[in-house]
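Okay, structure first, notes after.
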Amino acid sequence: MHLSGVQKSYGQTRAVDGIDLDISPGEIVALLGPNGAGKSTIIDMLLGLTDPDGGHIRIFGDVPSVASSRGRVGAMLQSGGLPSELTVLELIELIGALYPVSLPADEVLERARIADLASRRSDKLSGGQKQRVRFALAIIPDPNLLVLDEPTAAMDVESRQAFWTSMRQWASGGRTVLFATHYLEEADIFADRIVLLREGRIVADGATTEVRALGGGRTLRCTLPLADLDALGSLPGVVSVSVHGNGVSMPCSDSDATVRALLGQYPEARDIEIGGAGLNEAFLALTASPEVEVRS
Amino acid sequence: MTGTYMRSEVRRKFRDPRYVIFALAMPLILFGAFGAAQSHNHLSGITVAAYVMVSMATFGAMSSVFSTGGAIAFERAIGWNRQLRITALTGRAYVAGKGLAGFAVAVPSLVLVFLAGGLLSHVHLSAGRWLMTGLSILQSSRSKST
């Protein structure tokens with residue numbers, strides 16, 4: 001999958017402002033960003049539902065609409081309502097008939113774990129069950145790329161877990177998954193690679209661990225009674241100090257230097273913890289809009 | 001491909017309470033109320049029963065055909081048409097399928113009223129006349145809906 005210089009505007013708003021992105025087969029990529037960052041617009045363009053104003057997109061060498069109609073791309077759409085008059089099995093048979101090649105209905109039911117819902121009308125399904133049906137519809141043409149727009153938005157914790165389990169199974173055959181989300185944990189746990197978007201641009205793109213490291217340094221926490229704020233603040237590598245009772249918390253730029261000096265000067269310090277900056281911090285640091293940065 | 005899509009569209013209509021009530025039941029009920037018993041009175045040279053029968057068959061057929069527009073709007077609103085757009089179904093085939101399904105389900109609604117007229121109210125027409133009446137009702141529904 002290849003995007004270069006892709007742009008899209010709605011009126012005065014630049015929803016997507018020059019995106020270059022290459023995704024190789026087998027990658028599991030999270031498209032992460034706050035609301036309005038351009039995630040859904042990118043997905044619509046990847047599926048051929050919207051055309052970009054500039055730049056070009058190729059999926060397995062085809063333009064998106066051709067790749068979709070050939071069944072090489074499957075999608076779980078955010079607003080994917082289901083016609084209430086049809087049963088789950090009838091929906092699967094209908095969509096199956098609309099692709100040049102599709103998996104047998106019973107295999108789709110089994111892979112999406114909805115065999116028990118086959119004869120149920122779609123208006124009699126819970127939110128989580130509907131989402132599994134949408135997943136079933138997405139895998140009908142046995143696509144090589146699966147695009148998911150906020151796939152677990154309507155799910156409780158349990159169905160979310162089950163969903164990602166079946167997704168992992170599906171992807172284990174070397175297939176590519178691209179999903180948009182604003183759940184950081186989901187991107188953290190499931191993706192190999194995170195593409196972080198802000199205002200229609202890519203602000204970070206890399207392995208999950210790399211993106212997490214962009215959030216800045218680490219935080220050192222310890223228990224140290226009667227700590228002297230100024231003395232702690234002058235330790236090497238310390239950015240700032242905060243004390244809560246006996247607990248001390250120090251964001252550090254060089255936590256290795258800090259911990260050595262701390263133990264030299266305060267051998268009584270206990271319960272030392274050094275935490276990596278989380279994906280949360282990276283996300284906030286990288287996606288905060290400029291005005292917010294000034295205020296903080 | 002188009003066959004399965006059409007079958008699915010027709011099946012959905014028969015499960016849609018609005019179609020069953022307004023296009024199948026209502027014309028029959030209204031024919032029963034206003035025309036069924038009037039096989040001896042005449043209006044414009046034909047029996048009132050025949051007159052009302054044709055009116056109600058037209059009403060049923062048009063309700064069937066007109067519901068297509070609403071169905072397309074509804075599918076757009078819930079996002080189902082996006083799911084269809086990423087398949088090989090073209091926009092043209094989508095609209096054509098919807099339109100044809102509308103006509104396909106217009107047939108039972110007018111046939112039911114014709115049956116009621118012929119069997120209960122003794123409306124006697126030649127076979128050719130029955131057929132031409134049905135076709136002209138469908139034809140006029142088409143020109144009204146485009």
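Chain lettering (A, B, ...) mirrors the order of the structure tokens, residue numbering begins at 1 for each chain separately, and ligand numbering begins at 1 in order of display.
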
Kindly provide the residues of chain B that approach chain A to within 6 Å, each paired with its closest atom pair and their distance in Å to one decimal, based on only C-alpha atoms, listed by chain and increasing number, as CSV.
```
residue,atom,partner,partner_atom,distance
B:Met1,CA,A:Ala97,CA,5.1
B:Arg12,CA,A:Glu85,CA,5.3
B:Arg15,CA,A:Glu85,CA,5.9
B:Ile78,CA,A:Gly81,CA,4.7
B:Gly79,CA,A:Gly80,CA,5.1
B:Trp80,CA,A:Gly81,CA,5.2
B:Ile86,CA,A:Ser68,CA,5.3
B:Thr87,CA,A:Ser69,CA,4.6
B:Ala88,CA,A:Ser69,CA,4.1
B:Leu89,CA,A:Leu98,CA,5.9
```

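For Ala37 in chain B, the residues within 8 Å (counting only C-alpha atoms, excluding itself and residues fewer than 2 positions away along the chain) are B:Gly32, B:Phe34, B:Gly35, B:Ser39, B:Ala49, B:Ser121.
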
*Run DSSP on the backbone and grab whatever in range 7-124 of chain B lands in strand (DSSP E); send it over as a ChimeraX atom specification.*
/B:42-43,46-47

*Expressed in Å to a single decimal, how great is the separation between CA of Leu43 in chain B and CA of Ala106 in chain B?*
26.1 Å

*For Phe103 in chain B, please output as a PyMOL selection string all residues within 8 Å (counting only C-alpha atoms; exclusion window: fewer than 4 positions along the same chain).*
chain B and resi 61+64-65+99+107+138

*asked:* Please list as a PyMOL selection string every residue within 12 Å of Ala171 in chain A, counting only C-alpha atoms and excluding residues in the same chain fewer than 2 positions away.
replied: chain A and resi 25-29+111+139+142-147+164-169+173-178+190-192

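Between CA of Gln12 in chain A and CA of Met45 in chain A the separation is 18.6 Å.
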
*Any chance you could list, as a ChimeraX atom specification, the residues in range 85-287 of chain A that come up alpha helix (DSSP H) when DSSP is run on the backbone?*
/A:88-97,105-111,127-139,157-171,184-190,208-213,229-233,255-265,279-287

*Excluding same-chain residues fewer than 2 positions from Ile114 in chain A, what lies within 10 Å of it counting only C-alpha atoms, as JSON, numbers by chain?*
{"A": [88, 89, 106, 108, 109, 110, 111, 112, 116, 117, 118, 129, 130, 132, 133, 136]}

*What lies within 10 Å of Pro108 in chain B using only C-alpha atoms, ignoring chain neighbours under 3 positions off, as a ChimeraX atom specification?*
/B:23-24,57,60-61,64,103-105,111-114

Would you export the selected residues with N, CA, C and O atoms as a compact mmCIF listing (two decimals), in the first residue's frame, please?
```txt
# COMPACT_ATOMS: atom_id res chain seq x y z
N ALA B 23 -48.75 -1.19 1.22
CA ALA B 23 -48.85 -1.60 -0.18
C ALA B 23 -49.64 -2.89 -0.35
O ALA B 23 -50.21 -3.11 -1.41
N LEU B 24 -49.70 -3.75 0.65
CA LEU B 24 -50.46 -5.00 0.51
C LEU B 24 -51.82 -4.93 1.19
O LEU B 24 -52.84 -5.21 0.59
N ALA B 57 -55.59 -0.83 -6.88
CA ALA B 57 -54.42 -1.54 -7.41
C ALA B 57 -53.33 -0.53 -7.74
O ALA B 57 -52.15 -0.75 -7.47
N GLY B 60 -51.74 0.67 -4.50
CA GLY B 60 -50.80 -0.31 -3.96
C GLY B 60 -49.50 -0.34 -4.75
O GLY B 60 -48.41 -0.33 -4.18
N ALA B 61 -49.64 -0.32 -6.08
CA ALA B 61 -48.45 -0.38 -6.93
C ALA B 61 -47.58 0.85 -6.72
O ALA B 61 -46.35 0.75 -6.60
N SER B 64 -45.66 0.78 -3.47
CA SER B 64 -44.51 -0.12 -3.57
C SER B 64 -43.34 0.58 -4.25
O SER B 64 -42.22 0.56 -3.78
N PHE B 103 -40.60 -2.44 -8.57
CA PHE B 103 -41.63 -2.91 -9.50
C PHE B 103 -42.01 -4.36 -9.21
O PHE B 103 -43.18 -4.73 -9.30
N ALA B 104 -41.01 -5.16 -8.85
CA ALA B 104 -41.30 -6.57 -8.58
C ALA B 104 -42.30 -6.69 -7.43
O ALA B 104 -43.21 -7.51 -7.49
N VAL B 105 -42.17 -5.86 -6.41
CA VAL B 105 -43.10 -5.98 -5.29
C VAL B 105 -44.40 -5.21 -5.54
O VAL B 105 -45.36 -5.35 -4.79
N VAL B 111 -51.95 -7.58 -7.90
CA VAL B 111 -52.58 -8.88 -8.17
C VAL B 111 -53.57 -9.23 -7.05
O VAL B 111 -54.67 -9.73 -7.30
N LEU B 112 -53.20 -8.90 -5.81
CA LEU B 112 -54.10 -9.18 -4.68
C LEU B 112 -55.43 -8.45 -4.85
O LEU B 112 -56.50 -9.01 -4.63
N VAL B 113 -55.36 -7.17 -5.24
CA VAL B 113 -56.59 -6.39 -5.41
C VAL B 113 -57.39 -6.92 -6.61
O VAL B 113 -58.62 -7.03 -6.55
N PHE B 114 -56.69 -7.31 -7.68
CA PHE B 114 -57.37 -7.90 -8.84
C PHE B 114 -58.09 -9.19 -8.44
O PHE B 114 -59.21 -9.43 -8.85
```

*Between CA of Ala207 in chain A and CA of Gly237 in chain A, measure the distance and give it in Å to one decimal.*
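Calculated distance between CA of Ala207 in chain A and CA of Gly237 in chain A is 26.5 Å.
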